[in-house]
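Report on one structure; see the data block that follows.
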Amino acid sequence: MGWFILLVLVVGAVAAYKFRVPLIAKLTGQPPQRIQRAIEKRKQDKRR
């Protein structure tokens, strides 16, 4: 039973990461495009 709970948590984490832009947009009430731009900007800042 412990393995099943662990599997559900891992699958949930992967799904949340994959759909992070729509989830963050819904939670914050901001447009998804703004969230996507912010994520892309942070990626570019890390590369510098």
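Ordered as shown in the structure tokens, chains take letters A, B, and onward, while each chain numbers its residues from 1 and ligands are numbered from 1 in the order shown.
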Compile the contact shell of Ile35 (chain A) as a list in words: residues with an atom at most 8 Å away, counting only C-alpha atoms, same-chain residues fewer than 4 positions apart removed.
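So the residues in contact are Val21, Ile24, Ala25, Gln30, Pro31 and Ile39 of chain A.
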Residues within 12 Å of Pro32 (chain A), please, as a VMD selection string. Count only C-alpha atoms; anything in the same chain fewer than 4 positions from it doesn't count.
chain A and resid 19 to 28 36 to 39
Keeping all heavy atoms for every residue in the selection just given, could you write it to a file as a JSON list (two decimals), in the first residue's frame?
[["chain", "number", "residue", "atom", "x", "y", "z"],
["A", 19, "PHE", "N", 1.73, 20.62, -16.24],
["A", 19, "PHE", "CA", 0.65, 21.59, -16.41],
["A", 19, "PHE", "C", 0.82, 22.79, -15.48],
["A", 19, "PHE", "O", -0.16, 23.38, -15.03],
["A", 19, "PHE", "CB", -0.70, 20.91, -16.17],
["A", 19, "PHE", "CG", -0.98, 19.81, -17.13],
["A", 19, "PHE", "CD1", -0.93, 18.49, -16.72],
["A", 19, "PHE", "CD2", -1.27, 20.08, -18.46],
["A", 19, "PHE", "CE1", -1.18, 17.46, -17.61],
["A", 19, "PHE", "CE2", -1.53, 19.06, -19.36],
["A", 19, "PHE", "CZ", -1.48, 17.74, -18.94],
["A", 20, "ARG", "N", 2.08, 23.18, -15.21],
["A", 20, "ARG", "CA", 2.32, 24.24, -14.23],
["A", 20, "ARG", "C", 1.80, 25.60, -14.68],
["A", 20, "ARG", "O", 1.30, 26.36, -13.86],
["A", 20, "ARG", "CB", 3.81, 24.32, -13.88],
["A", 20, "ARG", "CG", 4.70, 24.78, -15.01],
["A", 20, "ARG", "CD", 6.16, 24.61, -14.65],
["A", 20, "ARG", "NE", 7.04, 25.01, -15.72],
["A", 20, "ARG", "CZ", 7.41, 24.24, -16.72],
["A", 20, "ARG", "NH1", 6.96, 23.01, -16.77],
["A", 20, "ARG", "NH2", 8.20, 24.68, -17.66],
["A", 21, "VAL", "N", 1.88, 25.91, -15.96],
["A", 21, "VAL", "CA", 1.43, 27.23, -16.43],
["A", 21, "VAL", "C", -0.08, 27.40, -16.23],
["A", 21, "VAL", "O", -0.51, 28.37, -15.61],
["A", 21, "VAL", "CB", 1.85, 27.47, -17.89],
["A", 21, "VAL", "CG1", 1.20, 28.74, -18.44],
["A", 21, "VAL", "CG2", 3.36, 27.57, -18.00],
["A", 22, "PRO", "N", -0.92, 26.46, -16.68],
["A", 22, "PRO", "CA", -2.36, 26.63, -16.44],
["A", 22, "PRO", "C", -2.72, 26.60, -14.95],
["A", 22, "PRO", "O", -3.60, 27.34, -14.51],
["A", 22, "PRO", "CB", -3.02, 25.46, -17.16],
["A", 22, "PRO", "CG", -2.01, 24.89, -18.06],
["A", 22, "PRO", "CD", -0.67, 25.31, -17.55],
["A", 23, "LEU", "N", -2.02, 25.78, -14.18],
["A", 23, "LEU", "CA", -2.31, 25.71, -12.74],
["A", 23, "LEU", "C", -1.96, 27.01, -12.04],
["A", 23, "LEU", "O", -2.76, 27.53, -11.26],
["A", 23, "LEU", "CB", -1.53, 24.56, -12.10],
["A", 23, "LEU", "CG", -2.03, 23.15, -12.39],
["A", 23, "LEU", "CD1", -1.05, 22.13, -11.84],
["A", 23, "LEU", "CD2", -3.39, 22.95, -11.78],
["A", 24, "ILE", "N", -0.78, 27.57, -12.33],
["A", 24, "ILE", "CA", -0.38, 28.83, -11.70],
["A", 24, "ILE", "C", -1.31, 29.95, -12.15],
["A", 24, "ILE", "O", -1.70, 30.80, -11.35],
["A", 24, "ILE", "CB", 1.09, 29.15, -12.03],
["A", 24, "ILE", "CG1", 2.01, 28.12, -11.39],
["A", 24, "ILE", "CG2", 1.46, 30.56, -11.56],
["A", 24, "ILE", "CD1", 3.46, 28.22, -11.83],
["A", 25, "ALA", "N", -1.69, 29.95, -13.43],
["A", 25, "ALA", "CA", -2.59, 30.99, -13.93],
["A", 25, "ALA", "C", -3.94, 30.93, -13.23],
["A", 25, "ALA", "O", -4.50, 31.96, -12.86],
["A", 25, "ALA", "CB", -2.76, 30.84, -15.44],
["A", 26, "LYS", "N", -4.45, 29.74, -13.03],
["A", 26, "LYS", "CA", -5.74, 29.60, -12.36],
["A", 26, "LYS", "C", -5.64, 30.01, -10.89],
["A", 26, "LYS", "O", -6.53, 30.68, -10.37],
["A", 26, "LYS", "CB", -6.23, 28.16, -12.47],
["A", 26, "LYS", "CG", -7.63, 27.97, -11.89],
["A", 26, "LYS", "CD", -8.17, 26.62, -12.24],
["A", 26, "LYS", "CE", -8.83, 26.77, -13.59],
["A", 26, "LYS", "NZ", -9.85, 25.80, -13.89],
["A", 27, "LEU", "N", -4.56, 29.63, -10.23],
["A", 27, "LEU", "CA", -4.41, 29.96, -8.81],
["A", 27, "LEU", "C", -4.22, 31.46, -8.58],
["A", 27, "LEU", "O", -4.71, 32.01, -7.60],
["A", 27, "LEU", "CB", -3.23, 29.19, -8.21],
["A", 27, "LEU", "CG", -3.42, 27.70, -8.03],
["A", 27, "LEU", "CD1", -2.12, 27.05, -7.59],
["A", 27, "LEU", "CD2", -4.51, 27.43, -7.00],
["A", 28, "THR", "N", -3.48, 32.13, -9.47],
["A", 28, "THR", "CA", -3.19, 33.54, -9.28],
["A", 28, "THR", "C", -4.18, 34.46, -9.97],
["A", 28, "THR", "O", -4.20, 35.66, -9.69],
["A", 28, "THR", "CB", -1.78, 33.88, -9.79],
["A", 28, "THR", "OG1", -1.70, 33.58, -11.18],
["A", 28, "THR", "CG2", -0.72, 33.12, -9.02],
["A", 36, "GLN", "N", 3.78, 32.28, -18.61],
["A", 36, "GLN", "CA", 4.75, 31.68, -19.53],
["A", 36, "GLN", "C", 5.93, 32.62, -19.76],
["A", 36, "GLN", "O", 7.08, 32.20, -19.76],
["A", 36, "GLN", "CB", 4.08, 31.33, -20.86],
["A", 36, "GLN", "CG", 4.98, 30.56, -21.81],
["A", 36, "GLN", "CD", 5.37, 29.20, -21.28],
["A", 36, "GLN", "OE1", 4.54, 28.50, -20.72],
["A", 36, "GLN", "NE2", 6.60, 28.82, -21.44],
["A", 37, "ARG", "N", 5.64, 33.92, -19.94],
["A", 37, "ARG", "CA", 6.72, 34.89, -20.15],
["A", 37, "ARG", "C", 7.62, 34.97, -18.93],
["A", 37, "ARG", "O", 8.85, 35.05, -19.05],
["A", 37, "ARG", "CB", 6.15, 36.28, -20.44],
["A", 37, "ARG", "CG", 5.65, 36.45, -21.85],
["A", 37, "ARG", "CD", 5.43, 37.92, -22.19],
["A", 37, "ARG", "NE", 4.69, 38.63, -21.17],
["A", 37, "ARG", "CZ", 3.38, 38.89, -21.20],
["A", 37, "ARG", "NH1", 2.66, 38.46, -22.23],
["A", 37, "ARG", "NH2", 2.79, 39.56, -20.23],
["A", 38, "ALA", "N", 7.03, 34.93, -17.74],
["A", 38, "ALA", "CA", 7.83, 35.00, -16.51],
["A", 38, "ALA", "C", 8.73, 33.77, -16.38],
["A", 38, "ALA", "O", 9.89, 33.89, -15.98],
["A", 38, "ALA", "CB", 6.91, 35.12, -15.30],
["A", 39, "ILE", "N", 8.21, 32.61, -16.72],
["A", 39, "ILE", "CA", 9.02, 31.38, -16.64],
["A", 39, "ILE", "C", 10.17, 31.44, -17.65],
["A", 39, "ILE", "O", 11.31, 31.10, -17.32],
["A", 39, "ILE", "CB", 8.14, 30.14, -16.86],
["A", 39, "ILE", "CG1", 7.22, 29.94, -15.65],
["A", 39, "ILE", "CG2", 8.99, 28.90, -17.10],
["A", 39, "ILE", "CD1", 6.19, 28.85, -15.83]]
